[in-house]
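One structure is given here, and the rest of the page talks about it.
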Amino acid sequence: MVDIGEISKLELKFLESGELQYTHYNITPHLISPIYKNNDYRNFNGMNYFSPKFYFEIGFIDDKLISSLEKGASVLDPCCGPSVLEDFLVLSSNAISPEQFDIADLFYNELSSNYKSERFSIYGVWPELEKEYDYILFPMIPFNPINEKFVPMLHNAIDSALTNLDKNGEIRICCGGENYLESFNLLEEKYGINYSAEHKIMLIDDPNFGYDKIFMSTITKLD
């Protein structure tokens with residue numbers, strides 16, 4: 001089991017590779033979170049990669065997920081980027097193996113060869129996948145303001161994930177943006193609800209971060 005106090009030690013192993021740059025953002029008044037920026041992806045809209053510690057702090061990665069992985073749970077990350085999160089989880093426990101993770105990304109140039117991979121957008125047509133997953137993770141998904149185009153795209157991402165989710169599985173979504181929950185409400189008004197959803201909010205105390213709130217949603221299938 002990984003304790004959050006040990007995460008920084010594990011993260012140093014990533015930094016020693018020289019492939020990732022390390023910067024600090026003040027996520028809350030009392031917590032400092034590292035954010036990774038990959039050189040290959042920096043040119044794509046200047047997007048940041050958030051560190052494993054960031055995902056622990058907001059509850060996106062927690063003891064429940066780690067324990068499930070140690071018991072063999074399967075994971076799909078359909079917006080994986082350079083797979084920093086997957087690499088960290090595999091490194092965190094001898095009981096977690098790369099074979100438990102499938103990854104996908106439309107825009108990142110070189111998907112990791114450590115994991116089975118697909119090439120598609122979460123907002124587009126998903127390919128026919130070979131299994132149902134215990135967890136489908138959307139770490140810091142690309143977010144657009146509320147508009148007529150984005151709400152059906154969000155619906156497509158959730159509906160496609162539900163199709164590929166085990167009956168007892170979880171979808172976890174991490175997203176920044178003031179209008180995220182409003183988009184969720186519009187989605188449910190337009191398409192109805194075929195899932196159970198819980199939303200958590202983390203306030204960001206850093207004017208340079210880009211968002212003043214981070215949302216974390218947990219979605220499960222209805223019985």
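Ligands are numbered from 1 in the order shown, chains are lettered A, B, ... in the order of the structure tokens, and residues start at 1 in each chain.
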
Report as a list in words all protein, DNA and RNA residues lying within 8 Å of segment 97-112 of chain A, evaluated on only C-alpha atoms, omitting residues in the same chain fewer than 4 positions from it.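 So the residues in contact are Asp40, Tyr41, Leu69, Gly72, Ala73, Ser74, Val75, Leu76, Asp77, Pro78, Cys79, Cys80, Gly81, Pro82, Ser83, Glu86, Val90, Lys116, Ser117, Glu118, Arg119, Phe120 and Ser121 of chain A.
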
Using N, CA and C atoms, can you write the selected residues to a file as a short mmCIF file (atom, residue, chain, number, x, y, z; two decimals), in the first residue's frame?
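Generated file (selection30.cif):
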```cif
data_model
loop_
_atom_site.label_atom_id
_atom_site.label_comp_id
_atom_site.auth_asym_id
_atom_site.auth_seq_id
_atom_site.Cartn_x
_atom_site.Cartn_y
_atom_site.Cartn_z
N ASP A 40 8.10 16.37 -25.51
CA ASP A 40 7.46 15.99 -26.76
C ASP A 40 6.06 16.58 -26.86
N TYR A 41 5.38 16.67 -25.73
CA TYR A 41 3.98 17.11 -25.74
C TYR A 41 3.83 18.59 -25.47
N LEU A 69 -6.05 -2.70 -7.49
CA LEU A 69 -5.00 -3.04 -8.44
C LEU A 69 -4.13 -4.18 -7.92
N GLY A 72 -5.55 -7.35 -8.72
CA GLY A 72 -5.66 -7.72 -10.13
C GLY A 72 -6.63 -6.91 -10.95
N ALA A 73 -7.14 -5.80 -10.45
CA ALA A 73 -8.11 -4.99 -11.18
C ALA A 73 -7.52 -4.50 -12.51
N SER A 74 -8.40 -4.35 -13.51
CA SER A 74 -7.98 -3.87 -14.82
C SER A 74 -8.35 -2.40 -14.98
N VAL A 75 -7.53 -1.66 -15.75
CA VAL A 75 -7.70 -0.22 -15.91
C VAL A 75 -7.58 0.15 -17.38
N LEU A 76 -8.47 1.03 -17.84
CA LEU A 76 -8.33 1.69 -19.13
C LEU A 76 -8.14 3.17 -18.88
N ASP A 77 -7.07 3.74 -19.43
CA ASP A 77 -6.83 5.18 -19.39
C ASP A 77 -6.87 5.67 -20.84
N PRO A 78 -8.01 6.23 -21.28
CA PRO A 78 -8.15 6.59 -22.69
C PRO A 78 -7.62 7.99 -23.04
N CYS A 79 -6.96 8.65 -22.09
CA CYS A 79 -6.29 9.93 -22.41
C CYS A 79 -4.99 9.97 -21.61
N CYS A 80 -4.11 9.02 -21.92
CA CYS A 80 -2.98 8.69 -21.06
C CYS A 80 -1.76 9.59 -21.23
N GLY A 81 -1.61 10.27 -22.39
CA GLY A 81 -0.40 11.04 -22.63
C GLY A 81 0.82 10.15 -22.53
N PRO A 82 1.87 10.57 -21.78
CA PRO A 82 3.10 9.77 -21.67
C PRO A 82 3.02 8.67 -20.62
N SER A 83 1.83 8.37 -20.10
CA SER A 83 1.62 7.25 -19.17
C SER A 83 2.39 7.40 -17.86
N GLU A 86 0.36 5.64 -15.07
CA GLU A 86 0.47 4.18 -15.11
C GLU A 86 1.85 3.73 -14.63
N VAL A 90 2.47 1.19 -11.37
CA VAL A 90 3.22 -0.06 -11.48
C VAL A 90 4.43 -0.04 -10.55
N LYS A 116 -0.66 -2.25 -23.46
CA LYS A 116 -1.47 -2.42 -24.66
C LYS A 116 -2.14 -1.09 -24.97
N SER A 117 -2.09 -0.65 -26.22
CA SER A 117 -2.57 0.69 -26.54
C SER A 117 -3.50 0.71 -27.75
N GLU A 118 -4.33 1.74 -27.79
CA GLU A 118 -5.22 2.05 -28.91
C GLU A 118 -5.02 3.52 -29.25
N ARG A 119 -5.52 3.91 -30.40
CA ARG A 119 -5.42 5.31 -30.81
C ARG A 119 -6.83 5.82 -31.12
N PHE A 120 -7.40 6.61 -30.18
CA PHE A 120 -8.73 7.20 -30.42
C PHE A 120 -8.95 8.37 -29.48
N SER A 121 -9.94 9.18 -29.79
CA SER A 121 -10.33 10.31 -28.95
C SER A 121 -11.47 9.90 -28.04
#
```

The residue from A:Tyr123, A:Lys221, A:Tyr133, A:Pro152 with the smallest atom-to-atom distance to Ile193 of chain A, counting only C-alpha atoms, is A:Lys221

Those in segment 55-206 of chain A with strand (DSSP E or B) from DSSP, as an mmCIF file with N, CA and C atoms, in the first residue's frame:
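New file out-v7.cif:
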```
data_model
loop_
_atom_site.group_PDB
_atom_site.id
_atom_site.type_symbol
_atom_site.label_atom_id
_atom_site.label_comp_id
_atom_site.auth_asym_id
_atom_site.auth_seq_id
_atom_site.Cartn_x
_atom_site.Cartn_y
_atom_site.Cartn_z
ATOM 1 N N VAL A 75 -7.527 -1.659 -15.748
ATOM 2 C CA VAL A 75 -7.705 -0.218 -15.912
ATOM 3 C C VAL A 75 -7.582 0.146 -17.383
ATOM 4 N N LEU A 76 -8.474 1.029 -17.838
ATOM 5 C CA LEU A 76 -8.334 1.690 -19.130
ATOM 6 C C LEU A 76 -8.142 3.172 -18.878
ATOM 7 N N ASP A 77 -7.066 3.738 -19.426
ATOM 8 C CA ASP A 77 -6.830 5.182 -19.387
ATOM 9 C C ASP A 77 -6.871 5.669 -20.840
ATOM 10 N N PHE A 101 -3.064 -2.649 -17.328
ATOM 11 C CA PHE A 101 -3.414 -1.342 -17.881
ATOM 12 C C PHE A 101 -3.493 -1.384 -19.404
ATOM 13 N N ASP A 102 -4.567 -0.823 -19.936
ATOM 14 C CA ASP A 102 -4.661 -0.511 -21.355
ATOM 15 C C ASP A 102 -4.717 1.001 -21.475
ATOM 16 N N ILE A 103 -4.078 1.548 -22.498
ATOM 17 C CA ILE A 103 -3.999 3.005 -22.645
ATOM 18 C C ILE A 103 -4.439 3.429 -24.036
ATOM 19 N N ALA A 104 -4.802 4.704 -24.149
ATOM 20 C CA ALA A 104 -5.158 5.267 -25.446
ATOM 21 C C ALA A 104 -4.962 6.773 -25.409
ATOM 22 N N LYS A 116 -0.658 -2.255 -23.462
ATOM 23 C CA LYS A 116 -1.469 -2.424 -24.661
ATOM 24 C C LYS A 116 -2.139 -1.087 -24.974
ATOM 25 N N SER A 117 -2.092 -0.655 -26.223
ATOM 26 C CA SER A 117 -2.570 0.688 -26.539
ATOM 27 C C SER A 117 -3.495 0.709 -27.751
ATOM 28 N N GLU A 118 -4.335 1.741 -27.788
ATOM 29 C CA GLU A 118 -5.216 2.050 -28.912
ATOM 30 C C GLU A 118 -5.022 3.520 -29.249
ATOM 31 N N TYR A 133 -13.717 -3.207 -18.112
ATOM 32 C CA TYR A 133 -12.674 -2.801 -17.175
ATOM 33 C C TYR A 133 -13.250 -2.543 -15.786
ATOM 34 N N ASP A 134 -12.408 -2.770 -14.779
ATOM 35 C CA ASP A 134 -12.804 -2.447 -13.408
ATOM 36 C C ASP A 134 -12.754 -0.941 -13.162
ATOM 37 N N TYR A 135 -11.800 -0.267 -13.812
ATOM 38 C CA TYR A 135 -11.684 1.188 -13.698
ATOM 39 C C TYR A 135 -11.416 1.782 -15.078
ATOM 40 N N ILE A 136 -12.104 2.878 -15.375
ATOM 41 C CA ILE A 136 -11.784 3.690 -16.550
ATOM 42 C C ILE A 136 -11.473 5.089 -16.034
ATOM 43 N N LEU A 137 -10.250 5.537 -16.283
ATOM 44 C CA LEU A 137 -9.738 6.782 -15.699
ATOM 45 C C LEU A 137 -9.612 7.868 -16.762
ATOM 46 N N PHE A 138 -10.144 9.040 -16.440
ATOM 47 C CA PHE A 138 -9.982 10.227 -17.283
ATOM 48 C C PHE A 138 -9.206 11.271 -16.472
ATOM 49 N N LEU A 165 -17.338 -0.775 -19.196
ATOM 50 C CA LEU A 165 -17.112 -0.865 -17.754
ATOM 51 C C LEU A 165 -17.744 -2.129 -17.201
ATOM 52 N N ASP A 166 -17.011 -2.822 -16.318
ATOM 53 C CA ASP A 166 -17.569 -3.964 -15.613
ATOM 54 C C ASP A 166 -18.771 -3.509 -14.774
ATOM 55 N N LYS A 167 -19.692 -4.422 -14.513
ATOM 56 C CA LYS A 167 -20.927 -4.050 -13.801
ATOM 57 C C LYS A 167 -20.639 -3.489 -12.410
ATOM 58 N N ASN A 168 -19.511 -3.867 -11.811
ATOM 59 C CA ASN A 168 -19.128 -3.350 -10.494
ATOM 60 C C ASN A 168 -17.992 -2.330 -10.582
ATOM 61 N N GLY A 169 -17.699 -1.841 -11.780
ATOM 62 C CA GLY A 169 -16.564 -0.957 -11.984
ATOM 63 C C GLY A 169 -16.853 0.506 -11.708
ATOM 64 N N GLU A 170 -15.807 1.322 -11.835
ATOM 65 C CA GLU A 170 -15.907 2.766 -11.605
ATOM 66 C C GLU A 170 -15.273 3.541 -12.749
ATOM 67 N N ILE A 171 -15.911 4.632 -13.116
ATOM 68 C CA ILE A 171 -15.311 5.635 -13.989
ATOM 69 C C ILE A 171 -14.908 6.802 -13.103
ATOM 70 N N ARG A 172 -13.668 7.262 -13.243
ATOM 71 C CA ARG A 172 -13.211 8.433 -12.489
ATOM 72 C C ARG A 172 -12.791 9.520 -13.474
ATOM 73 N N ILE A 173 -13.355 10.713 -13.283
ATOM 74 C CA ILE A 173 -13.073 11.844 -14.159
ATOM 75 C C ILE A 173 -12.483 12.972 -13.331
ATOM 76 N N CYS A 174 -11.349 13.503 -13.761
ATOM 77 C CA CYS A 174 -10.750 14.691 -13.149
ATOM 78 C C CYS A 174 -10.789 15.807 -14.179
ATOM 79 N N CYS A 175 -11.298 16.974 -13.791
ATOM 80 C CA CYS A 175 -11.472 18.043 -14.758
ATOM 81 C C CYS A 175 -11.433 19.397 -14.073
ATOM 82 N N GLY A 176 -10.802 20.366 -14.714
ATOM 83 C CA GLY A 176 -10.827 21.744 -14.253
ATOM 84 C C GLY A 176 -11.805 22.541 -15.092
ATOM 85 N N TYR A 195 -26.647 6.118 -14.914
ATOM 86 C CA TYR A 195 -25.496 5.879 -14.054
ATOM 87 C C TYR A 195 -25.714 6.596 -12.727
ATOM 88 N N SER A 196 -24.879 6.274 -11.745
ATOM 89 C CA SER A 196 -24.845 6.999 -10.480
ATOM 90 C C SER A 196 -23.562 7.824 -10.451
ATOM 91 N N ALA A 197 -23.654 9.097 -10.071
ATOM 92 C CA ALA A 197 -22.477 9.971 -10.107
ATOM 93 C C ALA A 197 -22.323 10.716 -8.788
ATOM 94 N N GLU A 198 -21.061 10.797 -8.331
ATOM 95 C CA GLU A 198 -20.697 11.585 -7.151
ATOM 96 C C GLU A 198 -19.614 12.571 -7.559
ATOM 97 N N HIS A 199 -19.782 13.843 -7.180
ATOM 98 C CA HIS A 199 -18.837 14.881 -7.577
ATOM 99 C C HIS A 199 -18.191 15.505 -6.343
ATOM 100 N N LYS A 200 -16.876 15.700 -6.412
ATOM 101 C CA LYS A 200 -16.138 16.393 -5.364
ATOM 102 C C LYS A 200 -15.427 17.589 -5.969
ATOM 103 N N ILE A 201 -15.250 18.628 -5.160
ATOM 104 C CA ILE A 201 -14.599 19.850 -5.631
ATOM 105 C C ILE A 201 -13.388 20.143 -4.757
ATOM 106 N N MET A 202 -12.268 20.478 -5.389
ATOM 107 C CA MET A 202 -11.080 20.916 -4.670
ATOM 108 C C MET A 202 -10.775 22.345 -5.094
ATOM 109 N N LEU A 203 -10.685 23.249 -4.135
ATOM 110 C CA LEU A 203 -10.379 24.643 -4.422
ATOM 111 C C LEU A 203 -8.880 24.810 -4.619
#
```

Contacts of Asn194 of chain A at 12 Å or less, counting only C-alpha atoms, minus same-chain residues fewer than 4 places along, as a compact mmCIF listing (two decimals) with C-alpha atoms, in the first residue's frame?
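Heads up, here's the output in part_4.txt:
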```txt
# COMPACT_ATOMS: atom_id res chain seq x y z
CA HIS A 155 -22.09 12.36 -23.08
CA ILE A 158 -19.25 8.76 -20.50
CA ASP A 159 -21.61 6.53 -22.49
CA LEU A 162 -20.02 2.78 -19.44
CA THR A 163 -20.25 0.35 -22.37
CA LEU A 187 -26.05 16.35 -20.10
CA GLU A 188 -28.40 14.62 -17.67
CA GLU A 189 -31.32 16.85 -18.68
CA ILE A 219 -19.46 7.21 -11.94
CA THR A 220 -20.88 3.71 -11.54
CA LYS A 221 -23.51 1.70 -13.37
CA LEU A 222 -27.01 1.57 -11.94
CA ASP A 223 -28.17 -1.79 -10.61
```

Which residue gives the smallest distance to Trp126 of chain A among A:Ile58, A:Met153, A:Ala161, A:Ile214, with only C-alpha atoms counted?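 Closest residue, counting only C-alpha atoms: A:Ala161.
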
Could you pull the residues within 12 Å of Ala95 of chain A, counting only C-alpha atoms, minus those fewer than 6 positions along the same chain, as a PyMOL selection string? chain A and resi 1-2+66-73+89

Let's have the selection written as a JSON list (two decimals), in the first residue's frame, with C-alpha atoms.
```json
[["chain", "number", "residue", "atom", "x", "y", "z"],
["A", 1, "MET", "CA", 0.00, 0.00, 0.00],
["A", 2, "VAL", "CA", 1.32, 3.42, -0.97],
["A", 66, "ILE", "CA", -4.37, 0.79, -5.13],
["A", 67, "SER", "CA", -5.85, -2.12, -3.17],
["A", 68, "SER", "CA", -8.02, -3.14, -6.14],
["A", 69, "LEU", "CA", -5.00, -3.04, -8.44],
["A", 70, "GLU", "CA", -3.02, -5.21, -6.03],
["A", 71, "LYS", "CA", -5.85, -7.74, -6.32],
["A", 72, "GLY", "CA", -5.66, -7.72, -10.13],
["A", 73, "ALA", "CA", -8.11, -4.99, -11.18],
["A", 89, "LEU", "CA", 1.16, 2.86, -10.17]]
```

When you draw a straight line from atom CA of Met216 of chain A to atom CA of Gly192 of chain A, how long is it in Å?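 Distance between the two atoms: 20.6 Å.
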
Where in segment 78-174 of chain A does DSSP assign helix (DSSP H, G or I), given as a ChimeraX atom specification? /A:84-92,98-100,150-163

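Using only C-alpha atoms, the nearest neighbour of Gly177 of chain A within the list A:Lys53, A:Lys190, A:Lys213, A:Lys64 is A:Lys213.
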
What is the distance between atom CA of Leu154 of chain A and atom CA of Glu57 of chain A, in Å to one decimal?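 If I compute the distance from atom CA of Leu154 of chain A to atom CA of Glu57 of chain A, I get 24.5 Å.
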
Between A:Gly59, A:Ser160, A:Leu91, A:Phe54, which is the closest to Ser217 of chain A once you count only C-alpha atoms?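 Of all the options, A:Gly59 lies closest to Ser217 of chain A.
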